[in-house]
$ cat coords-v2.tsv   # TSV, C-alpha atoms (C1' of nucleotides)
chain	number	residue	atom	x	y	z
T	23	MET	CA	14.55	16.26	27.50
T	24	LYS	CA	17.80	14.85	26.13
T	25	LYS	CA	18.53	14.15	22.48
T	26	ARG	CA	18.40	10.53	21.47
T	27	ASP	CA	18.07	8.26	18.45
T	28	TRP	CA	14.64	7.66	16.94
T	29	VAL	CA	13.63	4.99	14.44
T	30	ILE	CA	10.76	5.72	12.03
T	31	ALA	CA	9.53	2.94	9.77
T	32	SER	CA	6.98	2.55	6.98
T	33	TRP	CA	5.45	-0.62	5.54
T	34	ASN	CA	2.65	-1.39	3.12
T	35	ILE	CA	1.37	-4.48	4.89
T	36	ASN	CA	-1.40	-5.51	2.41
T	37	SER	CA	-3.92	-6.56	5.10
T	38	VAL	CA	-2.95	-5.96	8.70
T	39	ARG	CA	-5.26	-8.67	10.02
T	40	LEU	CA	-3.62	-11.33	7.86
T	41	ARG	CA	-0.07	-10.19	8.66
T	42	LYS	CA	-0.17	-8.90	12.22
T	43	GLU	CA	2.35	-11.56	13.29
T	44	LEU	CA	4.82	-10.28	10.68
T	45	VAL	CA	4.30	-6.78	12.04
T	46	ALA	CA	4.97	-8.06	15.57
T	47	LYS	CA	8.17	-9.73	14.36
T	48	PHE	CA	9.32	-6.45	12.83
T	49	LEU	CA	8.40	-4.42	15.94
T	50	LYS	CA	10.25	-6.87	18.15
T	51	SER	CA	13.42	-7.04	16.08
T	52	ARG	CA	13.70	-3.35	15.06
T	53	GLN	CA	11.99	-1.64	17.97
T	54	PRO	CA	10.94	1.38	15.90
T	55	ASP	CA	9.52	4.38	17.72
T	56	PHE	CA	6.89	4.67	14.98
T	57	LEU	CA	5.66	2.24	12.37
T	58	CYS	CA	3.46	3.68	9.63
T	59	LEU	CA	1.33	1.03	7.93
T	60	GLN	CA	-0.51	1.28	4.61
T	61	GLU	CA	-3.17	-0.91	3.02
T	62	ILE	CA	-4.43	-2.13	6.35
T	63	LYS	CA	-7.61	-3.20	4.48
T	64	CYS	CA	-9.95	-3.07	7.44
T	65	GLN	CA	-12.28	-0.66	9.15
T	66	ASP	CA	-11.16	0.98	12.39
T	67	ALA	CA	-13.20	-1.41	14.56
T	68	ASP	CA	-11.37	-4.42	13.11
T	69	PHE	CA	-7.84	-3.05	13.60
T	70	PRO	CA	-5.84	-5.30	15.99
T	71	THR	CA	-5.49	-2.54	18.58
T	72	GLY	CA	-5.00	-4.80	21.61
T	73	PHE	CA	-2.52	-7.03	19.80
T	74	PHE	CA	-0.20	-4.10	18.99
T	75	ALA	CA	-0.70	-2.56	22.44
T	76	ASP	CA	0.62	-5.84	23.83
T	77	CYS	CA	3.71	-5.33	21.64
T	78	GLY	CA	4.30	-2.01	23.44
T	79	TYR	CA	2.66	0.23	20.85
T	80	THR	CA	-0.11	1.68	22.96
T	81	HIS	CA	-0.51	4.85	20.90
T	82	GLN	CA	-2.22	4.22	17.58
T	83	LEU	CA	-3.70	6.40	14.87
T	84	VAL	CA	-6.03	4.38	12.66
T	85	CYS	CA	-7.73	5.59	9.49
T	86	GLY	CA	-9.40	2.60	7.89
T	87	GLN	CA	-12.27	1.56	5.63
T	88	PRO	CA	-13.66	-1.87	4.70
T	89	ALA	CA	-11.60	-4.00	2.25
T	90	TYR	CA	-9.45	-1.35	0.59
T	91	HIS	CA	-6.66	1.12	1.37
T	92	GLY	CA	-6.42	2.37	4.96
T	93	VAL	CA	-3.44	3.65	6.97
T	94	ALA	CA	-2.37	3.41	10.61
T	95	THR	CA	0.55	4.70	12.66
T	96	LEU	CA	1.76	2.67	15.63
T	97	SER	CA	3.74	4.48	18.32
T	98	ARG	CA	5.50	3.93	21.63
T	99	HIS	CA	5.02	7.64	22.41
T	100	PRO	CA	1.95	9.82	22.85
T	101	PHE	CA	0.90	12.10	20.03
T	102	VAL	CA	0.54	15.80	20.80
T	103	GLN	CA	-1.56	16.49	17.68
T	104	GLN	CA	-3.34	14.31	15.17
T	105	ALA	CA	-5.44	14.53	12.01
T	106	GLN	CA	-6.67	12.30	9.21
T	107	ARG	CA	-8.21	12.37	5.75
T	108	THR	CA	-6.74	15.79	5.08
T	109	PHE	CA	-6.75	14.96	1.38
T	110	GLY	CA	-9.28	13.74	-1.13
T	111	GLU	CA	-12.07	16.00	0.07
T	112	ARG	CA	-13.56	16.06	-3.41
T	113	LYS	CA	-16.78	14.15	-3.78
T	114	GLN	CA	-15.52	11.09	-5.64
T	115	ASP	CA	-12.68	10.59	-3.15
T	116	ASP	CA	-14.69	11.02	0.04
T	117	HIS	CA	-14.55	7.47	1.24
T	118	HIS	CA	-10.88	6.74	0.78
T	119	ALA	CA	-8.73	6.34	3.89
T	120	ARG	CA	-5.29	7.39	2.69
T	121	HIS	CA	-3.73	9.77	5.19
T	122	VAL	CA	-3.09	10.02	8.89
T	123	PHE	CA	-0.99	12.60	10.71
T	124	GLY	CA	0.52	12.59	14.18
T	125	ALA	CA	2.96	14.94	15.90
T	126	PHE	CA	5.31	13.96	18.72
T	127	GLU	CA	7.59	15.72	21.13
T	128	THR	CA	11.40	15.46	21.00
T	129	ALA	CA	14.36	17.36	22.47
T	130	SER	CA	14.54	19.13	19.09
T	131	GLY	CA	10.89	20.25	19.23
T	132	VAL	CA	7.61	18.85	17.94
T	133	ILE	CA	7.99	16.70	14.83
T	134	GLY	CA	5.10	16.09	12.43
T	135	LEU	CA	4.73	12.62	10.89
T	136	HIS	CA	2.53	12.15	7.82
T	137	ASN	CA	1.57	8.66	6.70
T	138	PHE	CA	0.20	8.37	3.14
T	139	TYR	CA	-1.23	5.80	0.78
T	140	VAL	CA	-1.32	7.52	-2.60
T	141	PRO	CA	-3.78	6.03	-5.15
T	142	SER	CA	-2.10	3.49	-7.41
T	143	GLY	CA	-3.85	4.92	-10.45
T	144	GLY	CA	-5.34	1.94	-12.31
T	145	GLY	CA	-4.06	0.42	-15.52
T	146	LYS	CA	-2.68	3.02	-17.90
T	147	PRO	CA	-1.33	6.53	-17.26
T	148	ASP	CA	-4.00	8.07	-19.49
T	149	LEU	CA	-6.03	11.01	-18.22
T	150	LYS	CA	-8.80	10.62	-20.78
T	151	ASP	CA	-9.50	6.90	-20.48
T	152	ASN	CA	-8.54	6.20	-16.90
T	153	PRO	CA	-10.35	8.11	-14.12
T	154	LYS	CA	-8.17	6.44	-11.48
T	155	PHE	CA	-5.11	8.02	-13.02
T	156	ALA	CA	-6.79	11.42	-12.91
T	157	HIS	CA	-7.57	10.78	-9.26
T	158	LYS	CA	-3.93	9.95	-8.57
T	159	LEU	CA	-2.67	13.15	-10.18
T	160	ARG	CA	-5.32	15.19	-8.37
T	161	PHE	CA	-4.29	13.63	-5.07
T	162	LEU	CA	-0.60	14.47	-5.67
T	163	LYS	CA	-1.60	18.02	-6.62
T	164	ASP	CA	-3.56	18.34	-3.36
T	165	MET	CA	-0.51	17.13	-1.45
T	166	LYS	CA	1.65	19.70	-3.20
T	167	SER	CA	-0.65	22.60	-2.35
T	168	PHE	CA	-0.99	21.41	1.27
T	169	PHE	CA	2.77	21.17	1.83
T	170	SER	CA	3.46	24.39	-0.07
T	171	LYS	CA	1.28	26.27	2.43
T	172	ASP	CA	2.40	24.44	5.58
T	173	LYS	CA	5.60	25.16	7.51
T	174	LYS	CA	8.53	23.54	5.75
T	175	GLU	CA	10.40	22.22	8.74
T	176	LYS	CA	10.32	19.46	11.39
T	177	THR	CA	8.20	17.29	9.12
T	178	ILE	CA	8.59	13.68	8.03
T	179	LEU	CA	6.42	12.23	5.28
T	180	VAL	CA	6.32	8.48	4.71
T	181	GLY	CA	4.23	5.96	2.88
T	182	ASP	CA	3.41	4.02	-0.21
T	183	LEU	CA	3.39	6.90	-2.68
T	184	ASN	CA	2.93	4.57	-5.66
T	185	VAL	CA	5.49	6.45	-7.76
T	186	ALA	CA	9.07	5.36	-8.48
T	187	PRO	CA	10.65	8.71	-9.40
T	188	GLU	CA	14.24	7.90	-10.43
T	189	GLU	CA	15.44	5.80	-13.35
T	190	ASN	CA	17.03	3.32	-10.98
T	191	ASP	CA	13.88	3.08	-8.87
T	192	VAL	CA	12.53	0.55	-11.39
T	193	TRP	CA	14.07	-2.61	-12.83
T	194	SER	CA	13.98	-1.20	-16.36
T	195	HIS	CA	13.48	2.49	-16.99
T	196	GLU	CA	13.31	1.87	-20.74
T	197	LYS	CA	10.57	-0.76	-20.46
T	198	LEU	CA	8.56	0.99	-17.76
T	199	LYS	CA	8.85	4.70	-18.54
T	200	ASN	CA	5.27	4.81	-19.85
T	201	SER	CA	3.82	2.52	-17.17
T	202	ILE	CA	1.71	3.59	-14.25
T	203	GLY	CA	3.95	4.38	-11.30
T	204	HIS	CA	6.86	5.63	-13.39
T	205	SER	CA	5.32	7.79	-16.13
T	206	PRO	CA	6.56	11.38	-16.62
T	207	SER	CA	3.43	13.16	-15.36
T	208	GLU	CA	3.38	11.18	-12.11
T	209	VAL	CA	7.09	11.64	-11.51
T	210	SER	CA	6.69	15.36	-12.13
T	211	ALA	CA	3.68	15.54	-9.77
T	212	LEU	CA	5.67	13.71	-7.07
T	213	ARG	CA	8.61	16.09	-7.50
T	214	GLY	CA	6.14	18.92	-7.08
T	215	VAL	CA	5.26	17.63	-3.61
T	216	ILE	CA	8.95	17.31	-2.72
T	217	GLU	CA	9.68	20.86	-3.85
T	218	GLY	CA	6.51	22.31	-2.32
T	219	GLY	CA	7.35	20.89	1.10
T	220	ASN	CA	11.12	21.40	0.86
T	221	PHE	CA	11.58	17.67	1.38
T	222	THR	CA	14.58	15.42	0.81
T	223	ASP	CA	14.16	11.85	-0.44
T	224	THR	CA	16.13	10.19	2.37
T	225	ALA	CA	16.74	6.94	0.45
T	226	ARG	CA	18.56	8.81	-2.32
T	227	HIS	CA	20.37	10.97	0.23
T	228	PHE	CA	22.19	7.80	1.27
T	229	THR	CA	22.08	5.78	-1.97
T	230	PRO	CA	23.60	7.17	-5.18
T	231	LEU	CA	21.27	7.64	-8.15
T	232	ASN	CA	23.17	5.10	-10.25
T	233	LYS	CA	22.37	2.32	-7.79
T	234	LYS	CA	19.13	0.30	-8.09
T	235	LEU	CA	16.87	0.54	-5.05
T	236	TYR	CA	13.44	-1.10	-4.69
T	237	SER	CA	10.80	-1.63	-2.02
T	238	TRP	CA	8.12	-3.57	-3.95
T	239	TRP	CA	8.20	-6.78	-6.00
T	240	SER	CA	5.00	-8.01	-7.68
T	241	TYR	CA	3.33	-11.21	-6.49
T	242	ARG	CA	2.98	-12.12	-10.16
T	243	THR	CA	6.67	-12.68	-10.61
T	244	PRO	CA	7.61	-15.93	-8.86
T	245	GLU	CA	11.25	-15.30	-9.80
T	246	TRP	CA	11.17	-11.80	-8.29
T	247	ARG	CA	14.29	-12.42	-6.26
T	248	LYS	CA	16.35	-13.91	-9.09
T	249	HIS	CA	15.49	-11.22	-11.67
T	250	ASN	CA	15.01	-8.47	-9.09
T	251	TYR	CA	12.00	-7.04	-10.95
T	252	GLY	CA	11.40	-4.36	-8.34
T	253	TRP	CA	10.10	-0.84	-7.96
T	254	ARG	CA	10.74	1.78	-5.25
T	255	LEU	CA	7.19	2.86	-4.45
T	256	ASP	CA	7.68	3.40	-0.70
T	257	HIS	CA	9.32	6.54	0.60
T	258	ILE	CA	10.56	8.41	3.64
T	259	TRP	CA	11.03	12.12	3.14
T	260	ALA	CA	12.28	14.69	5.65
T	261	THR	CA	12.35	18.48	5.56
T	262	GLN	CA	15.80	20.02	5.01
T	263	ASP	CA	16.30	21.01	8.66
T	264	LEU	CA	16.11	17.31	9.67
T	265	VAL	CA	18.35	15.84	7.00
T	266	GLN	CA	21.65	16.36	8.82
T	267	LYS	CA	20.18	14.55	11.85
T	268	ILE	CA	19.52	11.35	9.90
T	269	LYS	CA	22.12	8.66	10.54
T	270	LYS	CA	20.80	5.89	8.39
T	271	TYR	CA	18.26	4.71	5.81
T	272	GLU	CA	17.44	1.04	5.38
T	273	MET	CA	15.20	-1.01	3.12
T	274	VAL	CA	14.59	-4.31	4.92
T	275	ARG	CA	14.35	-6.57	1.89
T	276	SER	CA	14.32	-9.85	3.85
T	277	TYR	CA	10.66	-9.29	4.88
T	278	ARG	CA	9.61	-9.68	1.22
T	279	GLY	CA	10.94	-13.24	1.36
T	280	LEU	CA	9.00	-14.47	4.42
T	281	THR	CA	6.13	-16.97	4.22
T	282	LYS	CA	2.93	-15.25	3.07
T	283	PRO	CA	4.69	-11.89	2.77
T	284	SER	CA	3.40	-8.47	1.88
T	285	ASP	CA	4.49	-7.52	-1.64
T	286	HIS	CA	6.27	-4.51	-0.07
T	287	ALA	CA	9.34	-4.50	2.18
T	288	PRO	CA	9.54	-2.22	5.22
T	289	ILE	CA	11.78	0.85	5.09
T	290	LEU	CA	13.16	2.89	7.97
T	291	ILE	CA	15.34	5.80	9.01
T	292	GLU	CA	17.26	6.42	12.20
T	293	LEU	CA	17.77	10.02	13.32
T	294	THR	CA	18.97	11.97	16.36
T	295	LEU	CA	16.41	14.38	17.79
Y	14	DA	C1'	4.19	-7.04	-17.89
Y	15	DT	C1'	1.46	-10.40	-15.95
Y	16	DG	C1'	2.30	-15.97	-14.49
Y	17	DT	C1'	-0.74	-13.30	-7.91
Y	18	DC	C1'	-2.89	-11.63	-3.90
Y	19	DG	C1'	-6.65	-9.90	-0.22
Y	20	DT	C1'	-11.39	-8.67	0.72
Y	21	DG	C1'	-16.32	-9.17	0.91
Y	22	DA	C1'	-20.73	-10.45	-0.80
Y	23	DA	C1'	-22.74	-14.13	-2.41
Y	24	DG	C1'	-23.27	-18.68	-2.01
Y	25	DG	C1'	-19.42	-23.18	-2.65
Y	26	DT	C1'	-16.89	-18.42	-7.05
Y	27	DC	C1'	-16.52	-13.85	-8.65
Y	28	DA	C1'	-15.74	-8.69	-8.96
Y	29	DC	C1'	-12.82	-5.33	-7.61
Y	30	DG	C1'	-8.49	-3.07	-6.33
Y	31	DA	C1'	-3.65	-3.51	-6.51
$ encode --input "coords-v2.tsv" --output "structure tokens"
Amino acid sequence: MKKRDWVIASWNINSVRLRKELVAKFLKSRQPDFLCLQEIKCQDADFPTGFFADCGYTHQLVCGQPAYHGVATLSRHPFVQQAQRTFGERKQDDHHARHVFGAFETASGVIGLHNFYVPSGGGKPDLKDNPKFAHKLRFLKDMKSFFSKDKKEKTILVGDLNVAPEENDVWSHEKLKNSIGHSPSEVSALRGVIEGGNFTDTARHFTPLNKKLYSWWSYRTPEWRKHNYGWRLDHIWATQDLVQKIKKYEMVRSYRGLTKPSDHAPILIELTL
DNA sequence: ATGTCGTGAAGGTCACGA
């Protein structure tokens, strides 16, 4: 096996059935090796398996549920291991489809690819009044303990993590520092996962901290483009051993401006393995 | 921060999640 370039992408699609043509457009133009989707919002039986197979993505890991959440990883290569729903084993979280894992073979060894949809956490970042926020923090804590135990190499973690950790990952740190998605306890819990797994935030590896960088713009802001009221909720992390192999990170903002878009833009990395 | 979405069950609109 010879080393070559690989493209790994992640996109919260907000209903895969409604936007499968946008996915096909992305697959065709970017030709990623893997595309990790979040918020597919369908059960496994309703996933457009044949449609994506016709696009060349014959290997698919689908972890869905009716109406809400759900993740899927599309691949042009076979998986050598797979798993799903590794998190949220506690009773109240049993039915959430938020994680799928696949491992694939490269000239640099077997690489593990985790695809996550972290709970958004409801309205206010208040543990007492908001059980969804407690769920979010519990989920991040579970991720931390999982990745602290696991081997800390040859692993890529992507997804909609629903936390914008840096000040310039939101349009106004001052206005949003106590909002869900950017509050101190969430940011600290997310950093715990990064440290536990020895991960690097690839976006910030290539983009300085003083530069604004977003992947999500709310549907409720018609002037989202003009004011750039964005958040960076979507992430691609890689373990330290892989960082030097990454050639590029890209947030493909143009997909947020298509007709009937997802509220998230796709993100991707290119690396030599 | 909320001016918007998508789903599904019910029923021709609403609750829920984001």
$ residues_around --input "coords-v2.tsv" --residues "segment 14-27 of chain Y" --least-positions-apart "3" --cutoff "8 Å" --atoms "only C-alpha atoms (C1' of nucleotides)" --output "list of chain:residue names"
T:Asn36, T:Ser37, T:Lys63, T:Ala89, T:Tyr90, T:Ser240, T:Tyr241, T:Arg242, T:Thr243, T:Pro244
$ closest_residue --input "coords-v2.tsv" --among "T:Lys197, T:His81, T:Lys176, T:His257" --to "chain Y" --atoms "only C-alpha atoms (C1' of nucleotides)"
T:Lys197
$ closest_residue --input "coords-v2.tsv" --among "T:Asp223, T:Glu61, T:Asp256, T:Asp55" --to "chain Y" --atoms "only C-alpha atoms (C1' of nucleotides)"
T:Glu61
$ closest_residue --input "coords-v2.tsv" --among "T:Pro147, T:Gly131, T:Pro70, T:Pro288" --to "Asn200 of chain T" --atoms "all atoms listed in the file"
T:Pro147
$ atom_distance --input "coords-v2.tsv" --atom1 "atom CA of Phe155 of chain T" --atom2 "atom CA of Trp259 of chain T"
23.2 Å
$ atom_distance --input "coords-v2.tsv" --atom1 "atom CA of Ala67 of chain T" --atom2 "atom CA of Asn34 of chain T"
19.5 Å
$ residues_around --input "coords-v2.tsv" --residues "Ala287 of chain T" --least-positions-apart "5" --cutoff "10 Å" --atoms "only C-alpha atoms (C1' of nucleotides)" --output "JSON, numbers by chain"
{"T": [32, 33, 34, 35, 236, 237, 238, 239, 254, 256, 273, 274, 275, 276, 277, 278, 279]}
$ axis_aligned_box --input "coords-v2.tsv" --around "segment 118-125 of chain T" --padding-each-side "4 Å" --output "lines of an AutoDock Vina configuration file"
center_x = -4.0
center_y = 10.6
center_z = 8.3
size_x = 21.8
size_y = 16.6
size_z = 23.1
$ build_atoms --input "coords-v2.tsv" --residues "segment 144-158 of chain T" --atoms "N, CA and C atoms" --output "mmCIF file, in the frame of the given file"
data_model
loop_
_atom_site.group_PDB
_atom_site.id
_atom_site.type_symbol
_atom_site.label_atom_id
_atom_site.label_comp_id
_atom_site.auth_asym_id
_atom_site.auth_seq_id
_atom_site.Cartn_x
_atom_site.Cartn_y
_atom_site.Cartn_z
ATOM 1 N N GLY T 144 -4.731 2.795 -11.279
ATOM 2 C CA GLY T 144 -5.340 1.940 -12.310
ATOM 3 C C GLY T 144 -4.354 1.465 -13.355
ATOM 4 N N GLY T 145 -4.863 1.108 -14.516
ATOM 5 C CA GLY T 145 -4.060 0.420 -15.520
ATOM 6 C C GLY T 145 -3.074 1.253 -16.308
ATOM 7 N N LYS T 146 -3.554 2.254 -17.015
ATOM 8 C CA LYS T 146 -2.680 3.020 -17.900
ATOM 9 C C LYS T 146 -2.619 4.490 -17.493
ATOM 10 N N PRO T 147 -1.454 5.115 -17.638
ATOM 11 C CA PRO T 147 -1.330 6.530 -17.260
ATOM 12 C C PRO T 147 -1.970 7.444 -18.317
ATOM 13 N N ASP T 148 -3.276 7.326 -18.470
ATOM 14 C CA ASP T 148 -4.000 8.070 -19.490
ATOM 15 C C ASP T 148 -5.145 8.843 -18.845
ATOM 16 N N LEU T 149 -5.036 10.158 -18.894
ATOM 17 C CA LEU T 149 -6.030 11.010 -18.220
ATOM 18 C C LEU T 149 -7.423 10.866 -18.808
ATOM 19 N N LYS T 150 -7.494 10.663 -20.115
ATOM 20 C CA LYS T 150 -8.800 10.620 -20.780
ATOM 21 C C LYS T 150 -9.548 9.310 -20.485
ATOM 22 N N ASP T 151 -8.822 8.198 -20.580
ATOM 23 C CA ASP T 151 -9.500 6.900 -20.480
ATOM 24 C C ASP T 151 -9.487 6.298 -19.085
ATOM 25 N N ASN T 152 -8.714 6.849 -18.196
ATOM 26 C CA ASN T 152 -8.540 6.200 -16.900
ATOM 27 C C ASN T 152 -8.799 7.179 -15.743
ATOM 28 N N PRO T 153 -10.009 7.173 -15.213
ATOM 29 C CA PRO T 153 -10.350 8.110 -14.120
ATOM 30 C C PRO T 153 -9.499 7.894 -12.867
ATOM 31 N N LYS T 154 -9.015 6.681 -12.668
ATOM 32 C CA LYS T 154 -8.170 6.440 -11.480
ATOM 33 C C LYS T 154 -6.831 7.159 -11.593
ATOM 34 N N PHE T 155 -6.359 7.286 -12.824
ATOM 35 C CA PHE T 155 -5.110 8.020 -13.020
ATOM 36 C C PHE T 155 -5.320 9.509 -12.738
ATOM 37 N N ALA T 156 -6.453 10.024 -13.194
ATOM 38 C CA ALA T 156 -6.790 11.420 -12.910
ATOM 39 C C ALA T 156 -6.871 11.645 -11.403
ATOM 40 N N HIS T 157 -7.473 10.695 -10.724
ATOM 41 C CA HIS T 157 -7.570 10.780 -9.260
ATOM 42 C C HIS T 157 -6.184 10.830 -8.617
ATOM 43 N N LYS T 158 -5.287 9.979 -9.106
ATOM 44 C CA LYS T 158 -3.930 9.950 -8.570
ATOM 45 C C LYS T 158 -3.225 11.300 -8.730
#
